[in-house]
>>> print(open('upload-v9.cif').read())   # mmCIF, C-alpha atoms
data_query
loop_
_atom_site.label_atom_id
_atom_site.label_comp_id
_atom_site.auth_asym_id
_atom_site.auth_seq_id
_atom_site.Cartn_x
_atom_site.Cartn_y
_atom_site.Cartn_z
CA MET A 1 -34.48 -25.98 -82.29
CA GLU A 2 -33.92 -22.42 -81.07
CA THR A 3 -35.97 -21.40 -78.04
CA ASN A 4 -37.73 -18.03 -77.86
CA TYR A 5 -37.53 -17.16 -74.18
CA ASP A 6 -39.99 -14.27 -74.57
CA LEU A 7 -42.71 -16.84 -75.25
CA LYS A 8 -41.94 -19.07 -72.27
CA PRO A 9 -44.39 -18.89 -69.34
CA ILE A 10 -43.43 -16.59 -66.47
CA LEU A 11 -43.96 -18.83 -63.46
CA SER A 12 -41.53 -17.42 -60.90
CA GLU A 13 -43.01 -14.83 -58.56
CA LYS A 14 -39.76 -12.82 -58.57
CA ASN A 15 -40.22 -12.21 -62.30
CA ARG A 16 -43.81 -11.07 -61.83
CA ILE A 17 -42.75 -7.49 -61.26
CA LEU A 18 -46.09 -5.71 -61.76
CA GLY A 19 -47.67 -5.75 -58.32
CA PRO A 20 -51.15 -4.23 -57.88
CA LYS A 21 -49.84 -0.66 -57.34
CA ALA A 22 -47.40 -0.82 -60.25
CA TYR A 23 -50.05 -2.44 -62.44
CA VAL A 24 -52.55 0.34 -61.70
CA ALA A 25 -49.88 2.99 -62.38
CA MET A 26 -49.02 1.30 -65.66
CA TRP A 27 -52.62 1.54 -66.83
CA TRP A 28 -52.83 5.15 -65.72
CA GLY A 29 -49.82 5.89 -67.91
CA ASP A 30 -51.17 3.86 -70.84
CA ALA A 31 -54.53 5.61 -70.65
CA VAL A 32 -53.04 8.91 -71.77
CA MET A 33 -53.72 8.97 -75.49
CA VAL A 34 -55.02 11.54 -77.90
CA GLY A 35 -57.94 9.31 -78.82
CA SER A 36 -59.38 9.78 -75.32
CA PHE A 37 -59.70 13.54 -75.85
CA MET A 38 -61.22 13.03 -79.29
CA LEU A 39 -63.75 10.46 -78.08
CA GLY A 40 -64.77 12.69 -75.18
CA SER A 41 -65.47 15.60 -77.50
CA SER A 42 -67.49 13.36 -79.84
CA LEU A 43 -70.09 12.66 -77.14
CA ILE A 44 -71.64 16.12 -76.79
CA PRO A 45 -72.61 19.07 -79.02
CA PRO A 46 -71.36 20.35 -81.38
CA PHE A 47 -69.87 16.95 -82.27
CA GLY A 48 -72.27 14.54 -80.51
CA GLU A 49 -75.85 14.25 -79.27
CA LEU A 50 -75.51 13.62 -75.51
CA ASN A 51 -75.65 16.09 -72.64
CA LEU A 52 -73.01 16.16 -69.92
CA THR A 53 -74.92 13.84 -67.56
CA GLN A 54 -75.44 11.23 -70.27
CA ALA A 55 -71.82 11.51 -71.40
CA LEU A 56 -70.50 10.95 -67.86
CA ILE A 57 -72.82 7.97 -67.24
CA GLY A 58 -71.75 6.50 -70.57
CA LEU A 59 -68.09 6.92 -69.62
CA VAL A 60 -68.56 5.16 -66.27
CA LEU A 61 -70.52 2.22 -67.73
CA ALA A 62 -68.22 1.74 -70.73
CA ASN A 63 -65.02 1.78 -68.71
CA ILE A 64 -66.31 -0.56 -66.00
CA LEU A 65 -67.31 -3.04 -68.73
CA ALA A 66 -63.92 -2.62 -70.40
CA ALA A 67 -62.10 -3.25 -67.10
CA LEU A 68 -64.07 -6.46 -66.55
CA LEU A 69 -63.32 -7.62 -70.11
CA PHE A 70 -59.61 -6.97 -69.55
CA ALA A 71 -59.69 -9.05 -66.37
CA LEU A 72 -61.61 -11.84 -68.12
CA ASN A 73 -59.32 -12.15 -71.15
CA GLY A 74 -56.18 -11.49 -69.10
CA ARG A 75 -56.87 -14.27 -66.60
CA VAL A 76 -55.05 -16.83 -68.77
CA GLY A 77 -51.88 -14.73 -68.82
CA TRP A 78 -52.13 -14.15 -65.07
CA LYS A 79 -52.59 -17.82 -64.14
CA HIS A 80 -50.23 -19.40 -66.69
CA GLY A 81 -47.75 -16.59 -67.42
CA ILE A 82 -48.17 -16.81 -71.20
CA PRO A 83 -48.21 -13.91 -73.72
CA MET A 84 -50.95 -13.23 -76.25
CA VAL A 85 -49.30 -15.10 -79.13
CA VAL A 86 -49.21 -18.31 -77.06
CA GLN A 87 -52.75 -17.77 -75.75
CA LEU A 88 -53.98 -17.56 -79.36
CA ARG A 89 -52.68 -21.07 -80.07
CA SER A 90 -55.52 -22.58 -78.03
CA SER A 91 -57.96 -21.28 -80.67
CA PHE A 92 -55.91 -21.11 -83.88
CA GLY A 93 -53.07 -23.57 -83.39
CA PRO A 94 -49.29 -22.81 -83.58
CA VAL A 95 -49.41 -21.90 -87.28
CA GLY A 96 -52.84 -20.28 -87.40
CA ALA A 97 -52.01 -18.03 -84.44
CA LYS A 98 -49.64 -16.07 -86.68
CA ILE A 99 -52.57 -14.59 -88.61
CA PRO A 100 -54.39 -12.87 -85.70
CA SER A 101 -50.98 -11.85 -84.30
CA LEU A 102 -50.24 -10.06 -87.57
CA MET A 103 -53.72 -8.51 -87.60
CA ARG A 104 -53.04 -7.17 -84.11
CA ALA A 105 -49.62 -5.81 -85.09
CA ILE A 106 -50.71 -3.83 -88.15
CA PRO A 107 -53.13 -1.41 -86.39
CA ALA A 108 -50.60 -1.12 -83.56
CA LEU A 109 -48.04 0.26 -86.02
CA PHE A 110 -50.51 2.79 -87.38
CA TRP A 111 -51.60 3.78 -83.87
CA TYR A 112 -47.96 4.16 -82.83
CA GLY A 113 -47.35 6.47 -85.77
CA VAL A 114 -50.47 8.57 -85.21
CA GLN A 115 -49.79 8.98 -81.49
CA SER A 116 -46.15 9.87 -82.12
CA TRP A 117 -47.13 12.48 -84.72
CA LEU A 118 -49.77 14.11 -82.52
CA GLY A 119 -47.41 14.07 -79.54
CA ALA A 120 -44.73 15.68 -81.69
CA GLN A 121 -47.19 18.38 -82.75
CA ALA A 122 -48.00 19.13 -79.12
CA LEU A 123 -44.32 19.42 -78.19
CA ASN A 124 -43.65 21.57 -81.24
CA GLN A 125 -46.52 23.90 -80.33
CA ILE A 126 -45.17 24.32 -76.80
CA PHE A 127 -41.59 25.02 -77.89
CA MET A 128 -42.75 27.26 -80.73
CA ASP A 129 -44.67 29.49 -78.31
CA ILE A 130 -42.03 29.54 -75.57
CA PHE A 131 -38.72 29.41 -77.50
CA GLU A 132 -39.90 30.13 -81.08
CA PHE A 133 -38.40 26.81 -82.21
CA ASN A 134 -40.55 25.31 -84.96
CA ASN A 135 -39.58 21.88 -86.32
CA VAL A 136 -42.13 19.12 -85.80
CA TRP A 137 -39.89 16.50 -87.44
CA VAL A 138 -37.27 16.86 -84.71
CA TRP A 139 -39.86 16.01 -82.08
CA PHE A 140 -41.40 13.25 -84.20
CA PHE A 141 -38.18 11.30 -84.64
CA GLY A 142 -36.97 12.15 -81.14
CA PHE A 143 -40.25 10.89 -79.70
CA GLN A 144 -39.87 7.62 -81.61
CA ALA A 145 -36.26 7.16 -80.55
CA LEU A 146 -37.19 7.52 -76.88
CA GLN A 147 -40.05 5.01 -77.19
CA ILE A 148 -37.89 2.47 -79.02
CA TYR A 149 -35.15 2.80 -76.40
CA LEU A 150 -37.58 2.25 -73.50
CA SER A 151 -39.16 -0.74 -75.24
CA ALA A 152 -35.76 -2.29 -75.96
CA LYS A 153 -34.84 -2.05 -72.27
CA GLY A 154 -37.76 -4.34 -71.44
CA ILE A 155 -40.66 -4.46 -69.01
CA LYS A 156 -38.64 -3.10 -66.07
CA SER A 157 -37.90 0.22 -67.76
CA ILE A 158 -41.50 0.44 -68.97
CA LYS A 159 -42.71 -0.22 -65.43
CA TRP A 160 -40.76 2.65 -63.88
CA ILE A 161 -41.48 5.19 -66.60
CA GLU A 162 -45.18 4.36 -66.26
CA VAL A 163 -45.14 4.58 -62.46
CA VAL A 164 -43.43 7.98 -62.43
CA GLY A 165 -45.25 9.28 -65.48
CA SER A 166 -48.69 8.28 -64.23
CA VAL A 167 -48.44 10.55 -61.18
CA VAL A 168 -47.26 13.55 -63.19
CA ILE A 169 -49.81 12.96 -65.95
CA MET A 170 -52.81 12.54 -63.66
CA LEU A 171 -51.90 15.69 -61.71
CA GLY A 172 -51.63 17.50 -65.03
CA VAL A 173 -55.02 16.23 -66.19
CA VAL A 174 -56.70 17.33 -62.93
CA TYR A 175 -55.09 20.75 -63.33
CA LEU A 176 -56.35 20.98 -66.92
CA ILE A 177 -59.91 20.25 -65.78
CA PHE A 178 -59.65 22.87 -63.02
CA LEU A 179 -58.14 25.39 -65.42
CA PHE A 180 -60.83 24.79 -67.99
CA LEU A 181 -63.76 25.02 -65.56
CA SER A 182 -62.41 28.20 -64.01
CA THR A 183 -62.07 29.77 -67.46
CA PHE A 184 -65.06 28.43 -69.39
CA GLY A 185 -67.44 27.29 -66.63
CA PHE A 186 -70.43 29.23 -67.95
CA GLU A 187 -70.18 27.79 -71.47
CA VAL A 188 -69.93 24.26 -70.04
CA THR A 189 -73.06 24.81 -67.93
CA GLU A 190 -75.02 25.81 -71.04
CA THR A 191 -74.12 22.53 -72.73
CA ALA A 192 -75.37 20.57 -69.71
CA ASN A 193 -78.89 21.89 -70.37
CA VAL A 194 -79.35 20.27 -73.79
CA GLU A 195 -81.90 17.45 -73.97
CA GLY A 196 -79.55 14.76 -75.24
CA SER A 197 -80.60 11.19 -75.96
CA TRP A 198 -80.79 7.93 -73.99
CA GLY A 199 -81.49 6.01 -77.19
CA ILE A 200 -79.21 4.85 -80.00
CA PRO A 201 -76.67 7.73 -79.64
CA PHE A 202 -76.13 6.80 -75.96
CA TRP A 203 -75.52 3.11 -76.68
CA LEU A 204 -73.40 3.91 -79.72
CA ALA A 205 -71.25 6.08 -77.46
CA ILE A 206 -70.76 3.18 -75.04
CA SER A 207 -69.83 0.89 -77.94
CA VAL A 208 -67.27 3.37 -79.26
CA LEU A 209 -65.78 3.95 -75.80
CA ILE A 210 -65.31 0.20 -75.30
CA GLY A 211 -64.12 -0.18 -78.89
CA GLN A 212 -61.12 2.07 -78.30
CA PHE A 213 -59.70 -0.75 -76.18
CA SER A 214 -60.25 -3.43 -78.84
CA ALA A 215 -56.56 -3.88 -79.68
CA LEU A 216 -55.41 -3.93 -76.05
CA LEU A 217 -58.19 -6.35 -75.13
CA LEU A 218 -56.55 -8.89 -77.42
CA ASN A 219 -53.06 -8.75 -75.95
CA VAL A 220 -53.79 -7.93 -72.31
CA SER A 221 -52.07 -11.20 -71.33
CA ASP A 222 -48.80 -9.52 -72.28
CA TYR A 223 -49.41 -7.38 -69.18
CA THR A 224 -51.17 -9.78 -66.83
CA ARG A 225 -48.42 -12.41 -67.12
CA TYR A 226 -46.35 -10.07 -64.93
CA PHE A 227 -49.08 -9.75 -62.28
CA PRO A 228 -48.34 -11.79 -59.09
CA ARG A 229 -50.02 -15.18 -59.32
CA LYS A 230 -50.38 -15.31 -55.52
CA ALA A 231 -52.76 -12.30 -55.63
CA SER A 232 -56.46 -12.98 -55.11
CA THR A 233 -59.03 -12.81 -57.90
CA LYS A 234 -60.58 -9.82 -56.15
CA THR A 235 -57.24 -7.97 -56.24
CA PHE A 236 -56.72 -8.92 -59.89
CA ILE A 237 -60.12 -7.61 -60.99
CA GLY A 238 -59.91 -4.57 -58.69
CA SER A 239 -56.53 -3.59 -60.17
CA HIS A 240 -58.13 -3.41 -63.62
CA VAL A 241 -61.09 -1.37 -62.39
CA VAL A 242 -58.89 1.11 -60.48
CA GLY A 243 -56.29 1.22 -63.26
CA ILE A 244 -58.70 1.82 -66.14
CA VAL A 245 -61.86 3.54 -64.91
CA PRO A 246 -60.50 6.76 -63.24
CA PRO A 247 -58.04 7.86 -65.96
CA MET A 248 -60.37 6.88 -68.78
CA ILE A 249 -63.05 9.09 -67.28
CA LEU A 250 -60.77 12.05 -66.53
CA LEU A 251 -59.13 12.22 -69.96
CA PRO A 252 -62.33 12.19 -72.04
CA ILE A 253 -63.71 14.83 -69.66
CA VAL A 254 -60.96 17.15 -70.93
CA GLY A 255 -62.22 16.58 -74.49
CA ILE A 256 -65.84 17.01 -73.33
CA LEU A 257 -65.08 20.34 -71.68
CA GLY A 258 -63.23 21.56 -74.74
CA ALA A 259 -66.11 20.67 -77.04
CA ALA A 260 -68.69 22.14 -74.64
CA ALA A 261 -67.03 25.51 -74.26
CA VAL A 262 -65.02 26.37 -77.35
CA GLY A 263 -65.54 23.52 -79.83
CA ILE A 264 -61.91 22.37 -79.57
CA TRP A 265 -61.06 18.80 -78.47
CA ASN A 266 -57.26 19.30 -78.40
CA PRO A 267 -56.15 20.53 -74.91
CA VAL A 268 -52.91 21.96 -76.33
CA GLU A 269 -54.89 24.32 -78.56
CA TRP A 270 -57.26 25.65 -75.93
CA ILE A 271 -54.51 26.09 -73.31
CA PHE A 272 -52.67 28.42 -75.67
CA LEU A 273 -56.00 29.98 -76.60
CA ARG A 274 -56.53 30.86 -72.94
CA PHE A 275 -53.08 32.24 -72.25
CA ARG A 276 -53.09 34.32 -75.41
CA GLY A 277 -56.52 35.67 -74.63
CA LYS A 278 -57.93 34.73 -78.04
CA LYS A 279 -61.53 33.84 -78.71
CA HIS A 280 -62.25 30.78 -80.78
CA VAL A 281 -64.34 31.39 -83.86
#
>>> encode(input="upload-v9.cif", output="structure tokens")
Amino acid sequence: METNYDLKPILSEKNRILGPKAYVAMWWGDAVMVGSFMLGSSLIPPFGELNLTQALIGLVLANILAALLFALNGRVGWKHGIPMVVQLRSSFGPVGAKIPSLMRAIPALFWYGVQSWLGAQALNQIFMDIFEFNNVWVWFFGFQALQIYLSAKGIKSIKWIEVVGSVVIMLGVVYLIFLFLSTFGFEVTETANVEGSWGIPFWLAISVLIGQFSALLLNVSDYTRYFPRKASTKTFIGSHVVGIVPPMILLPIVGILGAAAVGIWNPVEWIFLRFRGKKHV
């Protein structure tokens, strides 16, 4: 019988290449997704019913809960070095595990396509304004080719692109927040004065914010199996909190600020809006 080495447990410490720092950086890189901007904008007027204080509290609570859920479900992968598809066998058996694995793969394909398309649109917008080059399909297929290449190279290439990318991305996000507040600070302050709601809209927001992680919550063992087994439980849980909570607060804040000031969740649009000196209608 042929052996699938990707499914074998990772027991050797030398193959557990995602130490706490690299693991945190990997989550910081993974956190950058268009959905974060969209969800942030959906919390406050004109798209949602919360004020800024309620939106920020909701973000903190939801992401702390999500980090703890990641640590809880990922503990099996950390301790035993097994991926998600093997972990599922404890509940569904070797044959039955194929069904939830397929159910996890289908939305991943759609999410991959949506993210690639939106990323391609952002790149096309940038190059169209700077170099007057307008062809979104070039960026769409180029974006996919780069992702496929990095994935084919394995976890080591993914580790280093995430480590380097996380620093650049987080600095960029902080700059976006500063840029936005310095430009539209007054409009944002006005939104903070709305009454908002601590009732159903608040708890629905928390549910939606946790729900965005639903797919990753299933296969988190694919990550944690590379986390050093010799690390303490405190370090393991802390790496999830530090890796998930800060970026998943900062990115939705960008969407919140966009919705509060100009009614635009997409940062690419309002950056060009600012530099062109146009007023959103």
>>> resolve_selection(input="upload-v9.cif", expression="the PyMOL selection byres ((chain A and resi 85-99) around 9)", output="compact mmCIF listing (two decimals) with C-alpha atoms, keeping the file's coordinate frame")
# COMPACT_ATOMS: atom_id res chain seq x y z
CA LEU A 7 -42.71 -16.84 -75.25
CA LYS A 8 -41.94 -19.07 -72.27
CA VAL A 76 -55.05 -16.83 -68.77
CA GLY A 77 -51.88 -14.73 -68.82
CA ILE A 82 -48.17 -16.81 -71.20
CA PRO A 83 -48.21 -13.91 -73.72
CA MET A 84 -50.95 -13.23 -76.25
CA PRO A 100 -54.39 -12.87 -85.70
CA SER A 101 -50.98 -11.85 -84.30
CA LEU A 102 -50.24 -10.06 -87.57
CA MET A 103 -53.72 -8.51 -87.60
CA ARG A 104 -53.04 -7.17 -84.11
CA ASN A 219 -53.06 -8.75 -75.95
CA SER A 221 -52.07 -11.20 -71.33
CA ASP A 222 -48.80 -9.52 -72.28
>>> closest_atom_pairs(input="upload-v9.cif", of="segment 14-129 of chain A", to="segment 137-149 of chain A", cutoff="7 Å", atoms="all atoms listed in the file", output="JSON lines")
{"residue": "A:Ser116", "atom": "CA", "partner": "A:Phe140", "partner_atom": "CA", "distance": 6.2}
{"residue": "A:Trp117", "atom": "CA", "partner": "A:Phe140", "partner_atom": "CA", "distance": 5.8}
{"residue": "A:Ala120", "atom": "CA", "partner": "A:Phe140", "partner_atom": "CA", "distance": 4.8}
{"residue": "A:Leu123", "atom": "CA", "partner": "A:Trp139", "partner_atom": "CA", "distance": 6.8}
{"residue": "A:Asn124", "atom": "CA", "partner": "A:Trp139", "partner_atom": "CA", "distance": 6.8}
>>> axis_aligned_box(input="upload-v9.cif", around="segment 95-103 of chain A", padding_each_side="3 Å", output="lines of an AutoDock Vina configuration file")
center_x = -51.9
center_y = -15.2
center_z = -86.5
size_x = 11.0
size_y = 19.4
size_z = 10.3
>>> resolve_selection(input="upload-v9.cif", expression="the PyMOL selection byres ((chain A and resi 202) around 9)", output="compact mmCIF listing (two decimals) with C-alpha atoms, keeping the file's coordinate frame")
# COMPACT_ATOMS: atom_id res chain seq x y z
CA LEU A 43 -70.09 12.66 -77.14
CA GLU A 49 -75.85 14.25 -79.27
CA LEU A 50 -75.51 13.62 -75.51
CA GLN A 54 -75.44 11.23 -70.27
CA ALA A 55 -71.82 11.51 -71.40
CA GLY A 58 -71.75 6.50 -70.57
CA GLY A 196 -79.55 14.76 -75.24
CA SER A 197 -80.60 11.19 -75.96
CA TRP A 198 -80.79 7.93 -73.99
CA GLY A 199 -81.49 6.01 -77.19
CA ILE A 200 -79.21 4.85 -80.00
CA PRO A 201 -76.67 7.73 -79.64
CA TRP A 203 -75.52 3.11 -76.68
CA LEU A 204 -73.40 3.91 -79.72
CA ALA A 205 -71.25 6.08 -77.46
CA ILE A 206 -70.76 3.18 -75.04
CA SER A 207 -69.83 0.89 -77.94
>>> atom_distance(input="upload-v9.cif", atom1="atom CA of Ser41 of chain A", atom2="atom CA of Leu61 of chain A")
17.3 Å
>>> build_atoms(input="upload-v9.cif", residues="segment 28-60 of chain A", atoms="N, CA and C atoms", output="compact mmCIF listing (two decimals), in the coordinates of the input")
# COMPACT_ATOMS: atom_id res chain seq x y z
N TRP A 28 -52.63 3.70 -65.75
CA TRP A 28 -52.83 5.15 -65.72
C TRP A 28 -51.95 5.83 -66.76
N GLY A 29 -50.72 5.33 -66.90
CA GLY A 29 -49.82 5.89 -67.91
C GLY A 29 -50.27 5.54 -69.31
N ASP A 30 -50.72 4.29 -69.52
CA ASP A 30 -51.17 3.86 -70.84
C ASP A 30 -52.45 4.56 -71.28
N ALA A 31 -53.24 5.00 -70.32
CA ALA A 31 -54.53 5.61 -70.65
C ALA A 31 -54.39 6.96 -71.34
N VAL A 32 -53.23 7.58 -71.20
CA VAL A 32 -53.04 8.91 -71.77
C VAL A 32 -52.79 8.79 -73.27
N MET A 33 -53.84 9.02 -74.04
CA MET A 33 -53.72 8.97 -75.49
C MET A 33 -54.67 9.99 -76.11
N VAL A 34 -54.26 10.48 -77.24
CA VAL A 34 -55.02 11.54 -77.90
C VAL A 34 -56.45 11.10 -78.20
N GLY A 35 -56.61 9.81 -78.51
CA GLY A 35 -57.94 9.31 -78.82
C GLY A 35 -58.94 9.53 -77.70
N SER A 36 -58.48 9.56 -76.45
CA SER A 36 -59.38 9.78 -75.32
C SER A 36 -59.99 11.18 -75.38
N PHE A 37 -59.18 12.18 -75.71
CA PHE A 37 -59.70 13.54 -75.85
C PHE A 37 -60.70 13.62 -77.00
N MET A 38 -60.36 12.98 -78.11
CA MET A 38 -61.22 13.03 -79.29
C MET A 38 -62.57 12.34 -79.02
N LEU A 39 -62.52 11.17 -78.37
CA LEU A 39 -63.75 10.46 -78.08
C LEU A 39 -64.63 11.23 -77.11
N GLY A 40 -64.00 11.88 -76.12
CA GLY A 40 -64.77 12.69 -75.18
C GLY A 40 -65.51 13.80 -75.88
N SER A 41 -64.84 14.48 -76.79
CA SER A 41 -65.47 15.60 -77.50
C SER A 41 -66.57 15.13 -78.44
N SER A 42 -66.49 13.87 -78.89
CA SER A 42 -67.49 13.36 -79.84
C SER A 42 -68.82 13.02 -79.18
N LEU A 43 -68.87 13.07 -77.84
CA LEU A 43 -70.09 12.66 -77.14
C LEU A 43 -71.14 13.76 -77.07
N ILE A 44 -70.71 15.01 -77.04
CA ILE A 44 -71.64 16.12 -76.79
C ILE A 44 -71.62 17.13 -77.93
N PRO A 45 -72.62 18.02 -77.99
CA PRO A 45 -72.61 19.07 -79.02
C PRO A 45 -71.36 19.94 -78.91
N PRO A 46 -70.79 20.41 -80.03
CA PRO A 46 -71.36 20.35 -81.38
C PRO A 46 -71.04 19.08 -82.15
N PHE A 47 -70.29 18.14 -81.54
CA PHE A 47 -69.87 16.95 -82.27
C PHE A 47 -70.77 15.74 -82.02
N GLY A 48 -71.43 15.68 -80.86
CA GLY A 48 -72.27 14.54 -80.51
C GLY A 48 -73.67 14.95 -80.11
N GLU A 49 -74.44 14.00 -79.57
CA GLU A 49 -75.85 14.25 -79.27
C GLU A 49 -76.21 14.04 -77.80
N LEU A 50 -75.23 13.85 -76.93
CA LEU A 50 -75.51 13.62 -75.51
C LEU A 50 -75.30 14.90 -74.71
N ASN A 51 -75.98 15.00 -73.55
CA ASN A 51 -75.65 16.09 -72.64
C ASN A 51 -74.57 15.62 -71.68
N LEU A 52 -74.13 16.49 -70.80
CA LEU A 52 -73.01 16.16 -69.92
C LEU A 52 -73.33 14.98 -69.01
N THR A 53 -74.54 14.93 -68.46
CA THR A 53 -74.92 13.84 -67.56
C THR A 53 -74.87 12.50 -68.30
N GLN A 54 -75.44 12.46 -69.49
CA GLN A 54 -75.44 11.23 -70.27
C GLN A 54 -74.03 10.82 -70.67
N ALA A 55 -73.20 11.80 -71.02
CA ALA A 55 -71.82 11.51 -71.40
C ALA A 55 -71.04 10.91 -70.24
N LEU A 56 -71.22 11.46 -69.04
CA LEU A 56 -70.50 10.95 -67.86
C LEU A 56 -70.98 9.55 -67.49
N ILE A 57 -72.29 9.32 -67.54
CA ILE A 57 -72.82 7.97 -67.24
C ILE A 57 -72.30 6.97 -68.26
N GLY A 58 -72.28 7.37 -69.53
CA GLY A 58 -71.75 6.50 -70.57
C GLY A 58 -70.29 6.16 -70.33
N LEU A 59 -69.49 7.15 -69.91
CA LEU A 59 -68.09 6.92 -69.62
C LEU A 59 -67.91 5.91 -68.50
N VAL A 60 -68.68 6.06 -67.42
CA VAL A 60 -68.56 5.16 -66.27
C VAL A 60 -68.93 3.73 -66.68
